[in-house]
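J.: What follows is a structure written as structure tokens; I'll ask about it next.
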Amino acid sequence: MRIAFIGTGVMGAPMAGHLASAGHQVTVYNRTRAKAEATGLTVADTPAAAAAGADAVITCVGNDDDLAAVTLGPDGAFAAMGDDAVFIDHTTVSANIARRLAATRPLSVDAPVSGGQAGAEKGQLSIMCGASEAAFDRARPVMEAYAARIVHVGAPGAGQQAKMVNQICIAGVLQGLSEALRFAQASELDLDKVFEAISGGAAQSWQMVNRWPTMARDEFDFGFAVDWMRKDLGLALDEAKRNGAVLPVAALVDQFYAEVQKMGGGRQDTSALMRRLPR
């Protein structure tokens with residue numbers, strides 16, 4: 001297929017690479033041109049130029065405003081896309097803009113991902129999709145190049161709502177893990193032995209298995225940043241105001257992350273949450 005990939009950051013670049021490795025013809029665009037050129041793929045000057053003649057257009061940018069700019073802006077992709085081209089957005093954004101884009105282009109899929117930079121590099125992302133059946137059926141073969149799991153959650157916007165669920169879960173787990181580690185340290189326990197004892201039982205989680213050892217060493221440079229988590233929790237809290245959900249723990253952890261930002265940890269990974277807890 002002829003594919004346009006817009007947004008070649010730490011997530012988008014490896015995803016575009018997997019598409020090329022799968023045999024697709026990939027043209028990329030990035031606001032910072034050097035990042036697009038670093039992929040070694042064909043580089044377009046604008047989102048519209050990348051999208052012209054493409055069978056699928058994929059975006060992985062920063063936020064709602066960035067997404068609107070590359071799709072609906074003066075040089076945006078939508079004006080250049082053919083009627084039968086499918087649009088796939090991997091950005092974590094609001095459900096509102098996902099619905100807005102789907103109303104403009106029915107063959108649209110809001111498809112936020114989970115798995116972080118490592119998942120993108122390994123081609124093992126989990127993708128939660130909001131779309132019509134027709135749009136999802138068109139998009140799935142494209143996404144298979146970099147995904148381990150692809151789930152059609154529901155109508156347009158549902159993919160973004162599912163990603164909010166994902167982030168709410170992660171925030172709560174990391175707060176509990178941070179408190180547990182500090183408790184173990186205060187008790188002067190052997191952290192490796194504690195991990196061995198509890199990581200095979202009911203307390204086990206992805207965060208425990210992958211972050212307990214690094215958190216114990218005060219190492220916080222492992223992918224998804226605190227700044228990004230605050231953006232995502234903000235989306236979830238805003239959506240909760242709309243749908244009436246009550247998120248007291250998510251709201252509290254969001255403020256804890258604000259404290260980590262003030263400590264200079266905005267670019268550290270989300271497990272840096274434990275930095276605000278005294279030893």
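Going through the structure tokens in order, the chains are called A, B, and so on, while each chain numbers its residues from 1 and the ligands are numbered from 1 in the order shown.
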Which residues are near Met274 (chain A)? Cut-off 8 Å, only C-alpha atoms, ignore same chain within fewer than 6 positions. Put them as an NGL selection string.
T.: :A and (175 or 178-179 or 182 or 215)
J.: Given the selection you just returned, output its residues as a file containing all heavy atoms, formatted as a PDB file, in the first residue's frame.
T.:
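New file out.pdb:
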ATOM      1  N   GLN A 175       1.162   4.508  41.814  1.00  0.00           N
ATOM      2  CA  GLN A 175       1.136   5.102  43.146  1.00  0.00           C
ATOM      3  C   GLN A 175       1.248   4.013  44.203  1.00  0.00           C
ATOM      4  O   GLN A 175       2.013   4.139  45.173  1.00  0.00           O
ATOM      5  CB  GLN A 175      -0.132   5.924  43.348  1.00  0.00           C
ATOM      6  CG  GLN A 175      -0.270   6.531  44.740  1.00  0.00           C
ATOM      7  CD  GLN A 175       0.845   7.500  45.103  1.00  0.00           C
ATOM      8  OE1 GLN A 175       1.528   8.048  44.231  1.00  0.00           O
ATOM      9  NE2 GLN A 175       1.064   7.719  46.393  1.00  0.00           N
ATOM     10  N   SER A 178       4.793   2.675  44.236  1.00  0.00           N
ATOM     11  CA  SER A 178       5.712   3.625  44.864  1.00  0.00           C
ATOM     12  C   SER A 178       5.630   3.548  46.385  1.00  0.00           C
ATOM     13  O   SER A 178       6.661   3.502  47.081  1.00  0.00           O
ATOM     14  CB  SER A 178       5.384   5.051  44.401  1.00  0.00           C
ATOM     15  OG  SER A 178       5.551   5.192  43.012  1.00  0.00           O
ATOM     16  N   GLU A 179       4.425   3.519  46.902  1.00  0.00           N
ATOM     17  CA  GLU A 179       4.255   3.446  48.355  1.00  0.00           C
ATOM     18  C   GLU A 179       4.782   2.115  48.899  1.00  0.00           C
ATOM     19  O   GLU A 179       5.408   2.069  49.969  1.00  0.00           O
ATOM     20  CB  GLU A 179       2.781   3.630  48.706  1.00  0.00           C
ATOM     21  CG  GLU A 179       2.258   5.024  48.398  1.00  0.00           C
ATOM     22  CD  GLU A 179       0.788   5.203  48.742  1.00  0.00           C
ATOM     23  OE1 GLU A 179       0.243   4.334  49.466  1.00  0.00           O
ATOM     24  OE2 GLU A 179       0.189   6.194  48.292  1.00  0.00           O
ATOM     25  N   ARG A 182       8.659   2.186  49.034  1.00  0.00           N
ATOM     26  CA  ARG A 182       9.130   3.018  50.144  1.00  0.00           C
ATOM     27  C   ARG A 182       8.889   2.313  51.490  1.00  0.00           C
ATOM     28  O   ARG A 182       9.734   2.391  52.390  1.00  0.00           O
ATOM     29  CB  ARG A 182       8.442   4.382  50.116  1.00  0.00           C
ATOM     30  CG  ARG A 182       8.947   5.310  49.028  1.00  0.00           C
ATOM     31  CD  ARG A 182      10.376   5.745  49.304  1.00  0.00           C
ATOM     32  NE  ARG A 182      10.804   6.822  48.417  1.00  0.00           N
ATOM     33  CZ  ARG A 182      11.806   6.730  47.545  1.00  0.00           C
ATOM     34  NH1 ARG A 182      12.501   5.605  47.447  1.00  0.00           N
ATOM     35  NH2 ARG A 182      12.125   7.757  46.797  1.00  0.00           N
ATOM     36  N   MET A 215      12.990   1.306  39.825  1.00  0.00           N
ATOM     37  CA  MET A 215      12.568   2.234  40.870  1.00  0.00           C
ATOM     38  C   MET A 215      13.419   2.045  42.124  1.00  0.00           C
ATOM     39  O   MET A 215      13.787   3.018  42.790  1.00  0.00           O
ATOM     40  CB  MET A 215      11.086   2.040  41.188  1.00  0.00           C
ATOM     41  CG  MET A 215      10.151   2.453  40.061  1.00  0.00           C
ATOM     42  SD  MET A 215       8.447   1.857  40.264  1.00  0.00           S
ATOM     43  CE  MET A 215       7.862   2.940  41.575  1.00  0.00           C
TER      44      MET A 215
END
J.: Using DSSP on the backbone coordinates, identify all residues within region 148-216 of chain A classified as strand (DSSP E or B); present the result as a list in words.
T.: Ala148, Arg149, Ile150, Val151, His152, Val153 and Gly154 of chain A
J.: Excluding His24 (chain A) and any residue of its chain fewer than 2 positions from it, enumerate the residues within 9 Å of it, using only C-alpha atoms, and give them as a list of chain:residue names.
T.: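 Within the cut-off, the hits are A:Met1, A:Arg2, A:Ile3, A:Leu19, A:Ala20, A:Ser21, A:Ala22, A:Val26.
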J.: List the spatial neighbours of Met143 (chain A) as JSON, numbers by chain - criterion: any atom at most 12 Å away, only C-alpha atoms, same-chain residues fewer than 4 positions off excluded.
T.: {"A": [3, 5, 15, 16, 18, 19, 22, 24, 56, 57, 58, 86, 87, 88, 89, 90, 109, 111, 112, 113, 120, 123, 124, 125, 126, 127, 128, 129, 136, 137, 138, 139, 147, 148, 149, 150, 151]}
J.: Between A:Arg275, A:Lys262, A:Lys35, A:Arg105, which is the closest to Arg217 (chain A) once you count only C-alpha atoms?
T.: A:Arg275
J.: Extract the full set of helix (DSSP H, G or I) residues from region 96-168 of chain A according to DSSP on the backbone, and format it as a count of residues only.
T.: 38
J.: Given only C-alpha atoms as the basis, pick out the residue of A:Thr46, A:Gln268, A:Thr91, A:Gln25 nearest to Gly73 (chain A).
T.: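 Nearest candidate to Gly73 (chain A) out of A:Thr46, A:Gln268, A:Thr91, A:Gln25: A:Thr46.
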J.: Calculate how many Å separate CA of Ala155 (chain A) from CA of Thr27 (chain A), rounding to one decimal.
T.: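 Answer for the CA of Ala155 (chain A) to CA of Thr27 (chain A) separation: 28.6 Å.
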J.: Please measure the separation of CA of Ser205 (chain A) and CA of Pro278 (chain A), giving the value in Å to one decimal.
T.: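 Between these atoms lies a distance of 23.7 Å.
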J.: Taking only C-alpha atoms into account, name the residue in A:Arg99, A:Val226, A:Ala52, A:Ala68 that is nearest to Ala80 (chain A).
T.: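 Counting only C-alpha atoms, the residue closest to Ala80 (chain A) is A:Ala52.
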J.: Would you mind reading off the distance between CA of Met208 (chain A) and CA of Ala171 (chain A), one decimal, in Å?
T.: 12.7 Å
J.: At a cut-off of 9 Å, using only C-alpha atoms, what residues contact Ile6 (chain A)? Leave out same-chain residues fewer than 2 positions from it and give the result as a list in words.
T.: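 Selected residues are Ala4, Thr8, Gly12, Thr27, Val28, Tyr29, Asn30, Arg31, Ala36, Pro47, Ala50, Ala51, Val57, Ile58, Thr59, Cys60, Val61, Val70 and Ala77 of chain A.
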J.: Those residues with N, CA and C atoms, as an mmCIF file, in the first residue's frame please?
T.:
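The resulting file, part-v9.cif, is shown below:
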data_model
loop_
_atom_site.group_PDB
_atom_site.id
_atom_site.type_symbol
_atom_site.label_atom_id
_atom_site.label_comp_id
_atom_site.auth_asym_id
_atom_site.auth_seq_id
_atom_site.Cartn_x
_atom_site.Cartn_y
_atom_site.Cartn_z
ATOM 1 N N ALA A 4 1.050 7.275 4.039
ATOM 2 C CA ALA A 4 1.634 8.510 4.574
ATOM 3 C C ALA A 4 1.680 8.383 6.082
ATOM 4 N N THR A 8 6.977 11.594 13.197
ATOM 5 C CA THR A 8 8.013 10.558 13.305
ATOM 6 C C THR A 8 8.874 10.787 14.545
ATOM 7 N N GLY A 12 6.373 7.233 16.419
ATOM 8 C CA GLY A 12 6.041 7.191 15.002
ATOM 9 C C GLY A 12 7.152 6.668 14.116
ATOM 10 N N THR A 27 5.692 7.325 2.872
ATOM 11 C CA THR A 27 6.168 8.711 2.811
ATOM 12 C C THR A 27 5.897 9.344 4.168
ATOM 13 N N VAL A 28 6.883 10.046 4.700
ATOM 14 C CA VAL A 28 6.749 10.589 6.050
ATOM 15 C C VAL A 28 6.786 12.113 6.043
ATOM 16 N N TYR A 29 6.152 12.667 7.072
ATOM 17 C CA TYR A 29 6.230 14.110 7.338
ATOM 18 C C TYR A 29 6.390 14.304 8.833
ATOM 19 N N ASN A 30 7.248 15.250 9.199
ATOM 20 C CA ASN A 30 7.371 15.656 10.587
ATOM 21 C C ASN A 30 7.618 17.152 10.636
ATOM 22 N N ARG A 31 7.078 17.799 11.646
ATOM 23 C CA ARG A 31 7.249 19.249 11.784
ATOM 24 C C ARG A 31 8.727 19.618 11.831
ATOM 25 N N ALA A 36 12.130 13.449 10.366
ATOM 26 C CA ALA A 36 11.597 12.687 9.237
ATOM 27 C C ALA A 36 12.733 12.106 8.400
ATOM 28 N N PRO A 47 1.944 17.875 5.343
ATOM 29 C CA PRO A 47 1.053 16.722 5.501
ATOM 30 C C PRO A 47 0.245 16.432 4.243
ATOM 31 N N ALA A 50 2.324 14.570 1.733
ATOM 32 C CA ALA A 50 2.497 13.173 2.124
ATOM 33 C C ALA A 50 1.250 12.362 1.810
ATOM 34 N N ALA A 51 0.080 12.964 2.019
ATOM 35 C CA ALA A 51 -1.183 12.248 1.895
ATOM 36 C C ALA A 51 -1.665 12.075 0.464
ATOM 37 N N VAL A 57 -3.491 7.083 5.565
ATOM 38 C CA VAL A 57 -2.772 8.183 6.201
ATOM 39 C C VAL A 57 -2.801 7.947 7.698
ATOM 40 N N ILE A 58 -1.616 7.963 8.319
ATOM 41 C CA ILE A 58 -1.474 7.674 9.743
ATOM 42 C C ILE A 58 -0.860 8.881 10.430
ATOM 43 N N THR A 59 -1.392 9.241 11.579
ATOM 44 C CA THR A 59 -0.832 10.337 12.368
ATOM 45 C C THR A 59 -0.428 9.846 13.749
ATOM 46 N N CYS A 60 0.651 10.425 14.263
ATOM 47 C CA CYS A 60 1.102 10.154 15.630
ATOM 48 C C CYS A 60 1.817 11.418 16.092
ATOM 49 N N VAL A 61 1.037 12.380 16.561
ATOM 50 C CA VAL A 61 1.576 13.705 16.884
ATOM 51 C C VAL A 61 1.429 13.980 18.393
ATOM 52 N N VAL A 70 -2.471 19.083 11.363
ATOM 53 C CA VAL A 70 -1.962 18.211 10.293
ATOM 54 C C VAL A 70 -3.083 17.553 9.496
ATOM 55 N N ALA A 77 -3.703 17.008 5.786
ATOM 56 C CA ALA A 77 -3.815 15.793 4.988
ATOM 57 C C ALA A 77 -5.202 15.593 4.388
#
